[in-house]
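J.: Structure below; questions to follow.
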Amino acid sequence: MPITVTPFGGPLGAEISGLDIRSVSPEDAQALNEAFLEHHVIVLRDQKPTDQQLVDFGKSFGEIKKSRFVSPLSGHDQIMVISNIREDGKPLGQLPDGEMWFHIDQIYTAQPCRGAALHALEIPSEGGDTCFSNTVLAYETLPDATKKRLDGLTAQHSFQYGATTIGGKQDEDRPRYTHPLVRRIPDTGKKSISICRLMTDRINELPDTESRALIGELCDHVENPKFVYQHKWQIGDILVWDNRCTSHARTDFSETERRFMKRVTIADKDVPMA
Ligand SMILES: [Fe+2]
């Protein structure tokens with residue numbers, strides 16, 4: 001059965017049906033990649049892969065990165081477990097609790113990932129949604145004068161969640177990296193705003209006050225609900241997102257309920273370029 005791509009009709013995203021990810025043909029992989037490039041977020045429902053099958057599915061989109069931490073909830077070194085499940089009070093996964101501000105994964109590194117695939121195994125009854133902003137659309141809708149103003153600017157991002165935006169104390173030892181503020185996506189030639197409230201520290205070419213004001217202005221723009229799709233998870237969902245064309249956030253959820261996701265991270269073959 002050929003796969004069907006049904007756009008969500010909002011700022012981004014499409015549902016893929018007619019595919020069991022445990023067996024992906026080269027034709028399926030090509031269709032998946034086309035949908036990924038066009039819609040930035042794709043969702044497949046009711047999937048039941050093993051860890052290795054999830055890794056193999058991820059390979060349809062590129063090379064898979066190793067996880068920095070191997071969780072006892074998986075054991076596979078290419079699976080990142082995102083969960084608040086605890087043993088003796090200690091989380092068995094990463095990013096266990098609560099809300100997360102909008103961010104671009106690994107933006108503080110030289111080569112942020114191309115994307116990731118996330119599989120939902122246990123979800124809270126309310127909250128823990130993932131919101132995706134379309135940063136290509138956000139760029140395209142900027143006034144021409146603003147686009148011109150951003151031309152040639154670079155931004156520095158630091159692995160110090162939130163401290164940057166609220167003007168808190170910066171630890172210079174934290175991993176940090178500078179990228180173009182507007183990057184071009186090699187596959188499509190489109191441009192995307194590369195900024196996020198969680199980790200962008202400064203715009204290098206501007207004085208501090210102006211830099212902070214522009215970061216705030218651009219983050220407000222990117223997070224405008226008209227660019228955002230909010231994914232309400234169902235068990236069995238697999239969602240793949242393009243980390244170059246989106247910024248994502250997580251809504252709050254109760255610490256008394258379990259949330260358990262497995263993720264594979266897709267490496268990029270390019271570095272961000274203007
Ligand atoms: Fe993330």
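Letters A, B, ... mark the chains of the structure tokens in the order given; residue numbers begin at 1 per chain; ligand numbers begin at 1, in order shown.
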Hey, could you make a per-residue contact list for chain A against ligand 1 with 8 Å as the cut-off, showing the nearest pair of atoms and its distance in Å to one decimal, counting only C-alpha atoms and all ligand atoms, sorted by chain and number, as a tab-separated table?
T.:
```
residue	atom	partner	partner_atom_place_in_ligand_line	distance
A:His103	CA	ligand 1	1 (Fe)	6.3
A:Ile104	CA	ligand 1	1 (Fe)	6.4
A:Asp105	CA	ligand 1	1 (Fe)	4.9
A:His248	CA	ligand 1	1 (Fe)	6.3
A:Ala249	CA	ligand 1	1 (Fe)	7.0
```
J.: Keeping only C-alpha atoms, write those residues as a compact mmCIF listing (two decimals), in the first residue's frame.
T.:
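The result, written out as result30.txt:
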```txt
# COMPACT_ATOMS: atom_id res chain seq x y z
CA HIS A 103 14.86 25.56 21.69
CA ILE A 104 16.80 24.08 18.80
CA ASP A 105 18.52 20.83 19.77
CA HIS A 248 10.36 23.20 19.80
CA ALA A 249 9.06 23.43 23.35
```
J.: Determine, counting only C-alpha atoms, which protein, DNA and RNA residues have an atom within 10 Å of an atom of region 187-191 of chain A; residues of the same chain fewer than 6 positions away are not included. Present the result as a list in words.
T.: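 Using only C-alpha atoms, the neighbours found are Leu37, Glu38, Thr135, Val136, Leu137, Ala138, Tyr139, Glu140, Arg244, Cys245, Met273 and Ala274 of chain A.
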J.: Can you tell me, as an mmCIF file with N, CA and C atoms, in the first residue's frame, what residues are no more than 6 Å from Ile203 (chain A) when counting only C-alpha atoms, ignoring any on the same chain fewer than 3 positions away?
T.:
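Once written, selection_9.cif looks like this:
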```cif
data_model
loop_
_atom_site.group_PDB
_atom_site.id
_atom_site.type_symbol
_atom_site.label_atom_id
_atom_site.label_comp_id
_atom_site.auth_asym_id
_atom_site.auth_seq_id
_atom_site.Cartn_x
_atom_site.Cartn_y
_atom_site.Cartn_z
ATOM 1 N N THR A 154 25.458 37.045 13.333
ATOM 2 C CA THR A 154 25.684 35.705 13.903
ATOM 3 C C THR A 154 25.254 35.726 15.373
ATOM 4 N N ALA A 155 24.841 34.566 15.848
ATOM 5 C CA ALA A 155 24.411 34.494 17.246
ATOM 6 C C ALA A 155 25.182 33.407 17.975
ATOM 7 N N LEU A 206 26.252 43.077 17.717
ATOM 8 C CA LEU A 206 25.491 44.183 18.311
ATOM 9 C C LEU A 206 25.910 44.437 19.755
ATOM 10 N N SER A 211 21.450 43.713 21.357
ATOM 11 C CA SER A 211 21.465 42.276 21.127
ATOM 12 C C SER A 211 20.335 41.603 21.897
#
```
J.: Leu44 (chain A): which residues within 7 Å, counting only C-alpha atoms, same-chain residues fewer than 2 positions away excluded, as a PDB file with N, CA and C atoms, in the first residue's frame?
T.:
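File produced: part-v9.pdb:
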```
ATOM      1  N   GLU A  15       0.451  14.122   8.687  1.00  0.00           N
ATOM      2  CA  GLU A  15       0.360  12.751   9.184  1.00  0.00           C
ATOM      3  C   GLU A  15       0.640  11.795   8.027  1.00  0.00           C
ATOM      4  N   ILE A  16       1.431  10.770   8.348  1.00  0.00           N
ATOM      5  CA  ILE A  16       1.753   9.748   7.350  1.00  0.00           C
ATOM      6  C   ILE A  16       0.947   8.508   7.697  1.00  0.00           C
ATOM      7  N   SER A  17       0.211   7.981   6.759  1.00  0.00           N
ATOM      8  CA  SER A  17      -0.503   6.729   7.031  1.00  0.00           C
ATOM      9  C   SER A  17      -0.138   5.681   5.979  1.00  0.00           C
ATOM     10  N   ILE A  42       6.626  15.241  10.746  1.00  0.00           N
ATOM     11  CA  ILE A  42       5.713  14.203  10.264  1.00  0.00           C
ATOM     12  C   ILE A  42       5.386  13.255  11.422  1.00  0.00           C
ATOM     13  N   ASP A 237       2.626   7.004  18.914  1.00  0.00           N
ATOM     14  CA  ASP A 237       3.036   8.031  17.934  1.00  0.00           C
ATOM     15  C   ASP A 237       4.547   7.991  17.713  1.00  0.00           C
ATOM     16  N   ILE A 238       4.918   8.126  16.454  1.00  0.00           N
ATOM     17  CA  ILE A 238       6.309   8.458  16.151  1.00  0.00           C
ATOM     18  C   ILE A 238       6.284   9.776  15.408  1.00  0.00           C
ATOM     19  N   LEU A 239       7.018  10.731  15.929  1.00  0.00           N
ATOM     20  CA  LEU A 239       7.063  12.062  15.319  1.00  0.00           C
ATOM     21  C   LEU A 239       8.514  12.337  14.903  1.00  0.00           C
TER      22      LEU A 239
END
```
J.: Please identify all polymer residues within 6 Å of Arg114 (chain A), counting only C-alpha atoms, omitting same-chain residues fewer than 6 positions from it, and present them as a PyMOL selection string.
T.: chain A and resi 243+266-268
